[in-house]
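Enquirer: Provided below: work-v6.tsv, containing TSV, C-alpha atoms and all ligand atoms.
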chain	number	residue	atom	x	y	z
A	1	MET	CA	0.00	0.00	0.00
A	2	THR	CA	1.36	3.44	-0.83
A	3	PHE	CA	1.73	6.12	1.82
A	4	ALA	CA	-0.95	8.30	0.23
A	5	LYS	CA	-3.44	5.40	0.11
A	6	ARG	CA	-2.87	4.57	3.78
A	7	LEU	CA	-3.48	8.12	5.01
A	8	PRO	CA	-7.28	8.45	5.03
A	9	ALA	CA	-7.41	5.71	7.70
A	10	ALA	CA	-6.13	8.16	10.35
A	11	LEU	CA	-8.88	10.66	9.54
A	12	ALA	CA	-11.52	7.93	9.49
A	13	LEU	CA	-10.43	6.79	12.95
A	14	LEU	CA	-10.52	10.34	14.29
A	15	LEU	CA	-13.96	10.93	12.84
A	16	LEU	CA	-15.18	7.67	14.33
A	17	VAL	CA	-13.85	8.61	17.76
A	18	ALA	CA	-15.39	12.09	17.44
A	19	ALA	CA	-18.72	10.63	16.34
A	20	CYS	CA	-18.94	8.10	19.17
A	21	GLY	CA	-17.79	10.44	21.94
A	22	LYS	CA	-16.90	9.23	25.41
A	23	PRO	CA	-19.50	7.48	27.52
A	24	GLY	CA	-21.35	10.02	29.65
A	25	THR	CA	-20.34	13.04	27.54
A	26	PRO	CA	-23.17	15.50	26.81
A	27	PRO	CA	-24.65	15.47	23.28
A	28	PRO	CA	-22.74	17.68	20.79
A	29	LYS	CA	-23.68	21.37	20.86
A	30	GLY	CA	-24.52	23.36	17.78
A	31	PRO	CA	-27.09	22.93	15.05
A	32	GLN	CA	-29.15	19.75	15.09
A	33	PRO	CA	-30.17	18.01	11.88
A	34	GLY	CA	-33.53	19.17	10.50
A	35	ALA	CA	-35.68	16.95	8.35
A	36	LEU	CA	-34.52	16.53	4.78
A	37	PRO	CA	-37.11	17.73	2.29
A	38	SER	CA	-38.67	15.24	-0.11
A	39	TYR	CA	-38.91	16.57	-3.61
A	40	GLN	CA	-41.98	16.53	-5.84
A	41	VAL	CA	-41.10	14.45	-8.93
A	42	ARG	CA	-42.44	16.18	-12.03
A	43	THR	CA	-44.21	13.77	-14.33
A	44	GLY	CA	-46.47	15.96	-16.49
A	45	GLU	CA	-44.00	18.03	-18.47
A	46	VAL	CA	-41.30	16.29	-20.49
A	47	ILE	CA	-38.19	18.28	-21.35
A	48	ASN	CA	-37.43	17.73	-25.02
A	49	GLY	CA	-34.23	18.25	-27.01
A	50	SER	CA	-31.61	17.19	-24.45
A	51	PRO	CA	-29.46	14.28	-25.69
A	52	THR	CA	-28.28	13.70	-22.11
A	53	LEU	CA	-31.84	13.34	-20.78
A	54	GLU	CA	-32.89	11.15	-23.70
A	55	ALA	CA	-30.01	8.76	-22.93
A	56	ALA	CA	-30.92	8.79	-19.21
A	57	ARG	CA	-34.58	7.97	-19.99
A	58	GLY	CA	-33.41	5.10	-22.20
A	59	ARG	CA	-31.23	3.71	-19.43
A	60	GLY	CA	-33.92	4.30	-16.79
A	61	HIS	CA	-31.86	6.41	-14.40
A	62	LEU	CA	-29.60	9.44	-14.13
A	63	VAL	CA	-25.89	9.10	-13.41
A	64	VAL	CA	-24.69	12.07	-11.34
A	65	GLY	CA	-21.06	12.88	-10.54
A	66	ALA	CA	-20.29	13.87	-6.93
A	67	LYS	CA	-17.72	13.86	-4.14
A	68	GLU	CA	-17.71	11.23	-1.41
A	69	ASP	CA	-15.36	12.58	1.26
A	70	GLN	CA	-16.57	16.14	1.90
A	71	PRO	CA	-18.52	16.38	5.20
A	72	TYR	CA	-22.01	17.94	4.92
A	73	LEU	CA	-21.53	18.46	1.14
A	74	GLY	CA	-20.94	15.10	-0.53
A	75	GLU	CA	-20.29	12.03	1.63
A	76	LYS	CA	-20.64	8.33	0.91
A	77	ASN	CA	-21.47	6.00	3.77
A	78	PRO	CA	-18.92	3.19	3.36
A	79	ALA	CA	-21.30	0.63	4.93
A	80	THR	CA	-24.42	1.38	2.88
A	81	GLY	CA	-22.99	3.13	-0.21
A	82	GLU	CA	-25.56	5.94	0.39
A	83	TYR	CA	-24.53	9.49	-0.53
A	84	SER	CA	-25.57	12.49	1.56
A	85	GLY	CA	-24.89	16.22	1.93
A	86	PHE	CA	-25.93	19.57	0.46
A	87	ASP	CA	-24.55	18.86	-3.03
A	88	ILE	CA	-26.33	15.50	-3.02
A	89	GLU	CA	-29.61	17.20	-2.09
A	90	ILE	CA	-29.10	19.73	-4.89
A	91	ALA	CA	-28.58	16.80	-7.29
A	92	ARG	CA	-31.79	15.13	-5.99
A	93	MET	CA	-33.98	18.24	-6.12
A	94	VAL	CA	-33.01	19.09	-9.71
A	95	GLY	CA	-33.31	15.39	-10.61
A	96	ALA	CA	-36.93	15.46	-9.38
A	97	TYR	CA	-37.58	18.47	-11.61
A	98	LEU	CA	-36.22	16.49	-14.59
A	99	GLY	CA	-38.62	13.63	-13.76
A	100	PHE	CA	-36.25	11.32	-11.86
A	101	GLY	CA	-36.99	10.47	-8.24
A	102	PRO	CA	-34.14	9.79	-5.80
A	103	ASP	CA	-34.39	6.04	-6.45
A	104	ARG	CA	-33.57	6.74	-10.10
A	105	ILE	CA	-30.31	8.62	-9.44
A	106	GLN	CA	-27.05	6.74	-9.32
A	107	PHE	CA	-24.13	8.71	-7.88
A	108	ARG	CA	-20.59	8.24	-9.09
A	109	THR	CA	-17.57	9.70	-7.30
A	110	ILE	CA	-15.42	11.84	-9.56
A	111	ALA	CA	-12.30	13.66	-8.26
A	112	SER	CA	-11.72	17.37	-8.89
A	113	ALA	CA	-9.18	16.76	-11.65
A	114	ASN	CA	-11.49	14.44	-13.65
A	115	ARG	CA	-14.75	16.40	-13.80
A	116	GLU	CA	-14.42	17.94	-17.26
A	117	THR	CA	-13.43	14.58	-18.79
A	118	ALA	CA	-16.30	12.76	-17.04
A	119	LEU	CA	-18.82	15.28	-18.40
A	120	SER	CA	-17.32	15.37	-21.90
A	121	ASN	CA	-17.21	11.62	-22.41
A	122	GLY	CA	-20.66	10.87	-20.97
A	123	GLN	CA	-19.55	9.11	-17.76
A	124	VAL	CA	-22.00	11.33	-15.86
A	125	ASP	CA	-25.14	13.25	-16.93
A	126	TYR	CA	-24.44	16.16	-14.63
A	127	TYR	CA	-22.06	16.90	-11.75
A	128	VAL	CA	-22.76	18.40	-8.33
A	129	GLY	CA	-19.66	18.63	-6.15
A	130	THR	CA	-18.28	22.00	-5.00
A	131	TYR	CA	-17.62	22.78	-8.66
A	132	THR	CA	-16.53	26.40	-9.24
A	133	ILE	CA	-17.89	28.11	-12.34
A	134	ASN	CA	-15.11	29.85	-14.25
A	135	ALA	CA	-14.26	30.93	-17.80
A	136	ASN	CA	-11.62	28.24	-18.41
A	137	ARG	CA	-13.95	25.42	-17.41
A	138	LYS	CA	-16.79	26.95	-19.43
A	139	LYS	CA	-14.76	26.22	-22.58
A	140	LEU	CA	-15.12	22.50	-21.76
A	141	VAL	CA	-18.40	22.11	-19.84
A	142	GLY	CA	-21.66	23.99	-19.15
A	143	PHE	CA	-22.74	25.31	-15.75
A	144	ALA	CA	-26.22	25.78	-14.32
A	145	GLY	CA	-26.42	28.01	-11.27
A	146	PRO	CA	-24.66	29.20	-9.22
A	147	TYR	CA	-26.53	27.59	-6.30
A	148	PHE	CA	-24.01	28.56	-3.55
A	149	VAL	CA	-20.94	30.79	-3.17
A	150	ALA	CA	-17.86	29.72	-1.19
A	151	GLY	CA	-14.40	31.25	-0.82
A	152	GLN	CA	-10.90	29.78	-0.62
A	153	ALA	CA	-9.60	29.43	2.94
A	154	LEU	CA	-6.95	27.67	5.01
A	155	LEU	CA	-7.24	24.80	7.48
A	156	VAL	CA	-4.48	24.30	10.07
A	157	ARG	CA	-3.92	22.30	13.27
A	158	SER	CA	-5.70	23.95	16.18
A	159	GLY	CA	-2.44	24.78	17.98
A	160	ASP	CA	-1.06	26.70	14.99
A	161	THR	CA	-0.79	30.46	15.57
A	162	ALA	CA	1.55	31.32	12.68
A	163	VAL	CA	-0.78	31.06	9.67
A	164	HIS	CA	-3.37	33.78	9.11
A	165	GLY	CA	-3.54	33.94	5.33
A	166	PRO	CA	-1.85	32.72	2.16
A	167	GLN	CA	1.01	35.19	2.66
A	168	ASP	CA	2.10	33.10	5.68
A	169	LEU	CA	2.54	29.95	3.60
A	170	ALA	CA	6.08	30.84	2.44
A	171	GLY	CA	8.32	27.85	3.10
A	172	ARG	CA	5.39	25.84	4.53
A	173	LYS	CA	3.79	22.74	3.06
A	174	VAL	CA	0.23	23.33	1.89
A	175	CYS	CA	-1.97	20.60	0.44
A	176	SER	CA	-4.86	20.84	-2.03
A	177	ALA	CA	-6.62	18.68	-4.62
A	178	ALA	CA	-5.00	18.50	-8.03
A	179	GLY	CA	-7.06	20.23	-10.72
A	180	SER	CA	-8.91	22.47	-8.24
A	181	THR	CA	-9.08	26.26	-8.38
A	182	PRO	CA	-7.50	26.61	-4.88
A	183	TYR	CA	-4.54	24.50	-6.04
A	184	GLN	CA	-4.16	26.64	-9.16
A	185	ARG	CA	-4.39	29.90	-7.17
A	186	ILE	CA	-1.60	28.92	-4.76
A	187	GLU	CA	0.56	27.71	-7.65
A	188	LYS	CA	0.13	31.04	-9.47
A	189	ASP	CA	-0.09	33.64	-6.68
A	190	HIS	CA	2.02	32.02	-3.94
A	191	PRO	CA	4.94	30.20	-5.57
A	192	GLU	CA	6.88	30.62	-2.29
A	193	ALA	CA	4.61	27.99	-0.65
A	194	HIS	CA	5.48	24.28	-0.95
A	195	LEU	CA	2.37	23.02	-2.70
A	196	VAL	CA	1.43	19.32	-2.40
A	197	GLY	CA	-1.35	17.85	-4.60
A	198	TYR	CA	-3.55	14.84	-3.78
A	199	ASP	CA	-6.68	13.48	-5.47
A	200	THR	CA	-8.87	14.32	-2.51
A	201	TYR	CA	-9.10	16.80	0.35
A	202	SER	CA	-9.53	13.99	2.87
A	203	ALA	CA	-6.02	12.78	2.00
A	204	CYS	CA	-4.79	16.35	2.57
A	205	VAL	CA	-6.57	16.55	5.94
A	206	ASP	CA	-5.02	13.25	6.96
A	207	ASN	CA	-1.59	14.66	6.13
A	208	LEU	CA	-2.39	17.73	8.20
A	209	ILE	CA	-3.44	15.70	11.24
A	210	THR	CA	-0.34	13.51	11.06
A	211	GLY	CA	1.95	16.53	10.57
A	212	GLN	CA	3.10	15.80	6.99
A	213	VAL	CA	1.76	19.18	5.80
A	214	ASP	CA	1.19	22.50	7.60
A	215	ALA	CA	-2.07	23.58	5.98
A	216	VAL	CA	-4.87	22.45	3.67
A	217	THR	CA	-6.40	24.92	1.26
A	218	THR	CA	-9.73	24.77	-0.52
A	219	ASP	CA	-13.19	26.31	-0.16
A	220	ASN	CA	-14.29	27.39	3.32
A	221	ALA	CA	-17.50	25.33	2.96
A	222	ILE	CA	-15.42	22.16	2.62
A	223	LEU	CA	-12.92	23.05	5.34
A	224	GLN	CA	-15.66	24.01	7.84
A	225	GLY	CA	-17.01	20.48	7.47
A	226	TYR	CA	-13.66	18.87	8.34
A	227	ALA	CA	-13.11	21.31	11.23
A	228	ALA	CA	-16.62	20.69	12.60
A	229	LYS	CA	-15.97	16.93	12.73
A	230	VAL	CA	-12.75	17.26	14.79
A	231	PRO	CA	-12.82	20.75	16.38
A	232	ASP	CA	-10.10	19.84	18.90
A	233	GLU	CA	-7.66	19.05	16.10
A	234	LEU	CA	-8.38	21.50	13.30
A	235	LYS	CA	-9.39	25.13	12.74
A	236	LEU	CA	-9.80	27.57	9.88
A	237	ALA	CA	-7.17	30.33	9.74
A	238	GLY	CA	-7.85	33.85	8.46
A	239	ALA	CA	-10.53	35.12	6.08
A	240	PRO	CA	-11.56	33.66	2.69
A	241	PHE	CA	-9.47	35.06	-0.19
A	242	SER	CA	-11.41	34.15	-3.35
A	243	THR	CA	-14.95	33.80	-4.68
A	244	GLU	CA	-16.02	30.28	-5.67
A	245	PRO	CA	-19.53	30.18	-7.17
A	246	TYR	CA	-20.74	26.56	-7.27
A	247	GLY	CA	-22.45	25.38	-10.44
A	248	ILE	CA	-23.98	22.14	-11.69
A	249	GLY	CA	-21.64	20.89	-14.41
A	250	THR	CA	-23.25	19.69	-17.65
A	251	PRO	CA	-21.98	18.40	-20.99
A	252	HIS	CA	-20.81	21.49	-22.91
A	253	ASP	CA	-23.31	21.50	-25.77
A	254	ASP	CA	-26.45	20.34	-23.96
A	255	THR	CA	-27.99	23.81	-23.58
A	256	VAL	CA	-31.48	22.36	-23.04
A	257	LEU	CA	-30.26	20.44	-19.99
A	258	ARG	CA	-28.32	23.42	-18.63
A	259	LEU	CA	-31.31	25.78	-18.84
A	260	ALA	CA	-33.67	23.14	-17.41
A	261	LEU	CA	-31.30	22.83	-14.44
A	262	ASP	CA	-31.37	26.61	-13.99
A	263	ASP	CA	-35.19	26.43	-13.95
A	264	ALA	CA	-35.02	23.55	-11.50
A	265	LEU	CA	-32.77	25.45	-9.08
A	266	ALA	CA	-34.99	28.54	-9.29
A	267	ALA	CA	-38.14	26.47	-8.58
A	268	HIS	CA	-36.62	24.74	-5.54
A	269	GLU	CA	-35.22	28.00	-4.18
A	270	ARG	CA	-38.69	29.55	-4.47
A	271	ASN	CA	-40.56	26.69	-2.78
A	272	GLY	CA	-38.20	26.52	0.22
A	273	ASP	CA	-36.53	23.17	-0.58
A	274	TRP	CA	-33.11	24.78	-1.07
A	275	LYS	CA	-33.12	26.30	2.43
A	276	LYS	CA	-34.50	23.15	4.07
A	277	ALA	CA	-31.80	21.11	2.37
A	278	TYR	CA	-29.10	23.56	3.47
A	279	ASP	CA	-30.31	23.58	7.10
A	280	ALA	CA	-30.31	19.77	7.22
A	281	THR	CA	-26.80	19.41	5.73
A	282	LEU	CA	-24.22	22.18	5.29
A	283	GLY	CA	-25.91	24.25	8.02
A	284	LEU	CA	-24.71	21.62	10.51
A	285	SER	CA	-21.13	22.85	10.09
A	286	GLY	CA	-22.28	25.96	11.95
A	287	VAL	CA	-22.92	28.60	9.25
A	288	PRO	CA	-26.57	29.76	8.89
A	289	ALA	CA	-28.18	29.61	5.43
A	290	PRO	CA	-27.30	32.57	3.21
A	291	ALA	CA	-29.67	33.82	0.52
A	292	PRO	CA	-29.13	31.72	-2.62
A	293	PRO	CA	-27.08	33.59	-5.25
A	294	GLN	CA	-28.51	35.03	-8.47
A	295	ILE	CA	-28.71	32.34	-11.17
A	296	ASP	CA	-26.74	33.21	-14.31
A	297	ARG	CA	-28.67	31.95	-17.36
A	298	TYR	CA	-26.17	32.38	-20.18
B	1	LIG	N1	-14.48	24.84	-5.76
B	1	LIG	C1	-13.13	24.49	-6.09
B	1	LIG	C2	-13.02	23.85	-7.45
B	1	LIG	O1	-14.01	23.64	-8.10
B	1	LIG	C3	-12.50	23.60	-5.04
B	1	LIG	C4	-13.33	22.45	-4.57
B	1	LIG	C5	-13.16	21.21	-5.41
B	1	LIG	O2	-12.02	20.85	-5.78
B	1	LIG	O3	-14.18	20.57	-5.67
B	1	LIG	O4	-11.94	23.58	-7.93
Step by step, read the file and then write its structure as structure tokens.
Expert:
Amino acid sequence: MTFAKRLPAALALLLLVAACGKPGTPPPKGPQPGALPSYQVRTGEVINGSPTLEAARGRGHLVVGAKEDQPYLGEKNPATGEYSGFDIEIARMVGAYLGFGPDRIQFRTIASANRETALSNGQVDYYVGTYTINANRKKLVGFAGPYFVAGQALLVRSGDTAVHGPQDLAGRKVCSAAGSTPYQRIEKDHPEAHLVGYDTYSACVDNLITGQVDAVTTDNAILQGYAAKVPDELKLAGAPFSTEPYGIGTPHDDTVLRLALDDALAAHERNGDWKKAYDATLGLSGVPAPAPPQIDRY
């Protein structure tokens, strides 16, 4: 087994210990899970002219790309194979709008670096996983949304008092996911940092806990989830230093699908599902629901 492959075990153990707590300890403080909304599956109106949806109808289910190791956003239960989190709920609510109930959505884990390829070659019908909309990616894929806005931040060990922002990374080891916008930003704007790339943020967090790296950088929404799971070990340092609008990735030329997903997001924001889903998932990391951002129908 390689070193990198072995690392997530340490995080898993810590999370398990944190989840179980000690006998006699009071229940965890902070937000309690609300009920997840159930989404009305639209059956009356059929969306025509989307090759992606036609293929999905033929196969009987949607295949949706997601993350599986991002607390409160996209997590896969290793025992049951069930996915959960805010991104997963977004995928389910827009799926219902397209006519596919949750039992007709199959999730597939796709790492940050492989999203454009997965969408271009038809491995997934759409992708919901902390996926920043930007001009470079728009050359390769389409984006519905945004449905949430995050910002790049830093995660350090709780005893660390030296790191307050990216300027403090000089000579320090900072880990991020290959192919992500936070990785690219450090590479370009902070060449004095020692940048380490892994496939996943959980591998980075494991390296942070075991002392192999000094910081993890990615979106605050992702880092808040890791910090909330082991608050004695990890904390966010400093303020966010970028804007990361999250979109639903689509195949580049399927404009019908992209605009239908925009309509779907707007409908579920209006009827309260978006906020209910947020409160029951990402809200548990301690940040109250913001207003959903303006959808950009291009
Ligand atoms: N939102 C950033 C991105 O799309 C970082 C999170 C991620 O890698 O999914 O690159």
Enquirer: Name the closest residue to Arg297 (chain A) among the candidates A:Ala66, A:Leu259, A:Ile110, A:Leu284; distances are taken between atoms, counting only C-alpha atoms.
Expert: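 The closest residue to Arg297 (chain A) is A:Leu259.
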Enquirer: Name all residues at most 12 Å from Pro245 (chain A) (count all atoms listed in the file; drop same-chain ones fewer than 2 positions away) and give them as JSON, numbers by chain.
Expert: {"A": [129, 130, 131, 132, 133, 134, 135, 143, 144, 145, 146, 147, 148, 149, 150, 151, 152, 181, 219, 221, 242, 243, 247, 248, 249, 292, 293, 294, 295, 296]}
Enquirer: Take the residues just selected and output them with C-alpha atoms as a PDB file, keeping the file's coordinate frame.
Expert:
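Final output, again.pdb:
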ATOM      1  CA  GLY A 129     -19.660  18.630  -6.150  1.00  0.00           C
ATOM      2  CA  THR A 130     -18.280  22.000  -5.000  1.00  0.00           C
ATOM      3  CA  TYR A 131     -17.620  22.780  -8.660  1.00  0.00           C
ATOM      4  CA  THR A 132     -16.530  26.400  -9.240  1.00  0.00           C
ATOM      5  CA  ILE A 133     -17.890  28.110 -12.340  1.00  0.00           C
ATOM      6  CA  ASN A 134     -15.110  29.850 -14.250  1.00  0.00           C
ATOM      7  CA  ALA A 135     -14.260  30.930 -17.800  1.00  0.00           C
ATOM      8  CA  PHE A 143     -22.740  25.310 -15.750  1.00  0.00           C
ATOM      9  CA  ALA A 144     -26.220  25.780 -14.320  1.00  0.00           C
ATOM     10  CA  GLY A 145     -26.420  28.010 -11.270  1.00  0.00           C
ATOM     11  CA  PRO A 146     -24.660  29.200  -9.220  1.00  0.00           C
ATOM     12  CA  TYR A 147     -26.530  27.590  -6.300  1.00  0.00           C
ATOM     13  CA  PHE A 148     -24.010  28.560  -3.550  1.00  0.00           C
ATOM     14  CA  VAL A 149     -20.940  30.790  -3.170  1.00  0.00           C
ATOM     15  CA  ALA A 150     -17.860  29.720  -1.190  1.00  0.00           C
ATOM     16  CA  GLY A 151     -14.400  31.250  -0.820  1.00  0.00           C
ATOM     17  CA  GLN A 152     -10.900  29.780  -0.620  1.00  0.00           C
ATOM     18  CA  THR A 181      -9.080  26.260  -8.380  1.00  0.00           C
ATOM     19  CA  ASP A 219     -13.190  26.310  -0.160  1.00  0.00           C
ATOM     20  CA  ALA A 221     -17.500  25.330   2.960  1.00  0.00           C
ATOM     21  CA  SER A 242     -11.410  34.150  -3.350  1.00  0.00           C
ATOM     22  CA  THR A 243     -14.950  33.800  -4.680  1.00  0.00           C
ATOM     23  CA  GLY A 247     -22.450  25.380 -10.440  1.00  0.00           C
ATOM     24  CA  ILE A 248     -23.980  22.140 -11.690  1.00  0.00           C
ATOM     25  CA  GLY A 249     -21.640  20.890 -14.410  1.00  0.00           C
ATOM     26  CA  PRO A 292     -29.130  31.720  -2.620  1.00  0.00           C
ATOM     27  CA  PRO A 293     -27.080  33.590  -5.250  1.00  0.00           C
ATOM     28  CA  GLN A 294     -28.510  35.030  -8.470  1.00  0.00           C
ATOM     29  CA  ILE A 295     -28.710  32.340 -11.170  1.00  0.00           C
ATOM     30  CA  ASP A 296     -26.740  33.210 -14.310  1.00  0.00           C
TER      31      ASP A 296
END
Enquirer: What's the separation between CA of Gly85 (chain A) and CA of Phe107 (chain A), in Å to one decimal place?
Expert: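 Pair CA of Gly85 (chain A) / CA of Phe107 (chain A) returns 12.4 Å.
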Enquirer: Between A:Ala56, A:Cys204, A:Leu98, A:Val163, which is the closest to ligand LIG 1 (chain B) once you count only C-alpha atoms and all ligand atoms?
Expert: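 Checking each candidate against ligand LIG 1 (chain B), we get A:Cys204 as the closest.
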Enquirer: Which distance in Å separates CA of Ala111 (chain A) and CA of Gly49 (chain A), to one decimal?
Expert: 29.2 Å
Enquirer: Quick one, how far is CA of Glu244 (chain A) from CA of Ser180 (chain A)?
Expert: 10.9 Å
Enquirer: In terms of the shortest atom-to-atom distance over only C-alpha atoms, which of A:Val41, A:Ile88, A:Leu53, A:Ala264 is closest to Ala280 (chain A)?
Expert: A:Ile88
Enquirer: Report as lines of an AutoDock Vina configuration file the centre and the edge lengths, in Å to one decimal, of the axis-aligned box holding every listed atom of ligand LIG 1 (chain B), padded by 4 Å on each side.
Expert:
center_x = -13.2
center_y = 22.7
center_z = -6.3
size_x = 10.5
size_y = 12.3
size_z = 11.5
Enquirer: Return the single residue from A:Val213, A:Leu154, A:Ala162, A:Ala113 that is closest to ligand LIG 1 (chain B), with distances computed using all atoms listed in the file.
Expert: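 Under the stated criterion, the closest residue is A:Ala113.
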Enquirer: Could you pull the residues within 8 Å of Ile222 (chain A), counting all atoms listed in the file, minus those fewer than 4 positions along the same chain, as a PyMOL selection string?
Expert: chain A and resi 70-71+73+218+226
Enquirer: Of the candidates A:His164, A:Lys76, A:Lys139, A:Arg115, which one gets nearest to Gly238 (chain A) if we count only C-alpha atoms?
Expert: A:His164
Enquirer: Please list, as a list in words, the residues that have an atom at most 9 Å away from (-4.5, 15.9, 1.8) in the coordinates of this file, counting all atoms listed in the file.
Expert: Ala4, Leu7, Pro8, Val174, Cys175, Ser176, Ala177, Val196, Gly197, Tyr198, Asp199, Thr200, Tyr201, Ser202, Ala203, Cys204, Val205, Asp206, Asn207, Leu208, Val213 and Val216 of chain A
Enquirer: Contacts of Asp214 (chain A) at 8 Å or less, counting all atoms listed in the file, minus same-chain residues fewer than 3 places along, as an NGL selection string?
Expert: :A and (156-157 or 172-174 or 208 or 211)
Enquirer: Show me the residues around (-27.4, 20.0, -22.8) - criterion: an atom at most 9 Å away, all atoms listed in the file counted - as a list in words.
Expert: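 The requested residues, written out, are Gly49, Ser50, Pro51, Thr52, Leu53, Gly142, Thr250, Pro251, His252, Asp253, Asp254, Thr255, Val256, Leu257, Arg258, Leu259 and Ala260 of chain A.
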Enquirer: In terms of the shortest atom-to-atom distance over all atoms listed in the file, which of A:Asn271, A:Ser120, A:Thr217, A:Ser112 is closest to ligand LIG 1 (chain B)?
Expert: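 The answer is A:Ser112, which sits nearest to ligand LIG 1 (chain B).
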Enquirer: Can you patch up region 137-143 of chain A, filling it in to all heavy atoms, and show the result as a PDB file, in the coordinates of the input?
Expert:
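The resulting file, part_28.pdb, is shown below:
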ATOM      1  N   ARG A 137     -13.134  26.645 -17.423  1.00  0.00           N
ATOM      2  CA  ARG A 137     -13.950  25.420 -17.410  1.00  0.00           C
ATOM      3  C   ARG A 137     -15.121  25.527 -18.369  1.00  0.00           C
ATOM      4  O   ARG A 137     -15.544  24.519 -18.945  1.00  0.00           O
ATOM      5  CB  ARG A 137     -14.418  25.128 -15.977  1.00  0.00           C
ATOM      6  CG  ARG A 137     -13.281  24.676 -15.079  1.00  0.00           C
ATOM      7  CD  ARG A 137     -13.728  24.506 -13.644  1.00  0.00           C
ATOM      8  NE  ARG A 137     -12.638  24.010 -12.812  1.00  0.00           N
ATOM      9  CZ  ARG A 137     -12.658  23.986 -11.492  1.00  0.00           C
ATOM     10  NH1 ARG A 137     -13.724  24.429 -10.842  1.00  0.00           N
ATOM     11  NH2 ARG A 137     -11.627  23.521 -10.815  1.00  0.00           N
ATOM     12  N   LYS A 138     -15.644  26.760 -18.527  1.00  0.00           N
ATOM     13  CA  LYS A 138     -16.790  26.950 -19.430  1.00  0.00           C
ATOM     14  C   LYS A 138     -16.446  26.642 -20.884  1.00  0.00           C
ATOM     15  O   LYS A 138     -17.334  26.468 -21.705  1.00  0.00           O
ATOM     16  CB  LYS A 138     -17.311  28.385 -19.322  1.00  0.00           C
ATOM     17  CG  LYS A 138     -18.380  28.578 -18.264  1.00  0.00           C
ATOM     18  CD  LYS A 138     -18.843  30.020 -18.336  1.00  0.00           C
ATOM     19  CE  LYS A 138     -20.057  30.283 -17.507  1.00  0.00           C
ATOM     20  NZ  LYS A 138     -20.368  31.729 -17.498  1.00  0.00           N
ATOM     21  N   LYS A 139     -15.156  26.616 -21.215  1.00  0.00           N
ATOM     22  CA  LYS A 139     -14.760  26.220 -22.580  1.00  0.00           C
ATOM     23  C   LYS A 139     -15.003  24.721 -22.781  1.00  0.00           C
ATOM     24  O   LYS A 139     -15.137  24.245 -23.899  1.00  0.00           O
ATOM     25  CB  LYS A 139     -13.278  26.524 -22.824  1.00  0.00           C
ATOM     26  CG  LYS A 139     -12.976  28.014 -22.867  1.00  0.00           C
ATOM     27  CD  LYS A 139     -11.471  28.227 -23.029  1.00  0.00           C
ATOM     28  CE  LYS A 139     -11.117  29.674 -22.718  1.00  0.00           C
ATOM     29  NZ  LYS A 139      -9.735  29.822 -22.241  1.00  0.00           N
ATOM     30  N   LEU A 140     -15.039  23.971 -21.677  1.00  0.00           N
ATOM     31  CA  LEU A 140     -15.120  22.500 -21.760  1.00  0.00           C
ATOM     32  C   LEU A 140     -16.463  21.931 -21.321  1.00  0.00           C
ATOM     33  O   LEU A 140     -16.869  20.863 -21.795  1.00  0.00           O
ATOM     34  CB  LEU A 140     -14.015  21.880 -20.878  1.00  0.00           C
ATOM     35  CG  LEU A 140     -12.584  22.316 -21.202  1.00  0.00           C
ATOM     36  CD1 LEU A 140     -11.628  21.872 -20.102  1.00  0.00           C
ATOM     37  CD2 LEU A 140     -12.147  21.751 -22.552  1.00  0.00           C
ATOM     38  N   VAL A 141     -17.131  22.607 -20.387  1.00  0.00           N
ATOM     39  CA  VAL A 141     -18.400  22.110 -19.840  1.00  0.00           C
ATOM     40  C   VAL A 141     -19.381  23.272 -19.708  1.00  0.00           C
ATOM     41  O   VAL A 141     -18.989  24.436 -19.821  1.00  0.00           O
ATOM     42  CB  VAL A 141     -18.202  21.439 -18.450  1.00  0.00           C
ATOM     43  CG1 VAL A 141     -17.271  20.247 -18.540  1.00  0.00           C
ATOM     44  CG2 VAL A 141     -17.701  22.442 -17.411  1.00  0.00           C
ATOM     45  N   GLY A 142     -20.667  22.957 -19.458  1.00  0.00           N
ATOM     46  CA  GLY A 142     -21.660  23.990 -19.150  1.00  0.00           C
ATOM     47  C   GLY A 142     -21.870  24.062 -17.645  1.00  0.00           C
ATOM     48  O   GLY A 142     -21.525  23.117 -16.926  1.00  0.00           O
ATOM     49  N   PHE A 143     -22.434  25.168 -17.175  1.00  0.00           N
ATOM     50  CA  PHE A 143     -22.740  25.310 -15.750  1.00  0.00           C
ATOM     51  C   PHE A 143     -24.129  25.886 -15.553  1.00  0.00           C
ATOM     52  O   PHE A 143     -24.410  26.987 -16.038  1.00  0.00           O
ATOM     53  CB  PHE A 143     -21.751  26.262 -15.060  1.00  0.00           C
ATOM     54  CG  PHE A 143     -20.397  25.672 -14.776  1.00  0.00           C
ATOM     55  CD1 PHE A 143     -19.300  26.045 -15.555  1.00  0.00           C
ATOM     56  CD2 PHE A 143     -20.212  24.776 -13.742  1.00  0.00           C
ATOM     57  CE1 PHE A 143     -18.038  25.523 -15.296  1.00  0.00           C
ATOM     58  CE2 PHE A 143     -18.949  24.249 -13.472  1.00  0.00           C
ATOM     59  CZ  PHE A 143     -17.858  24.617 -14.252  1.00  0.00           C
TER      60      PHE A 143
END
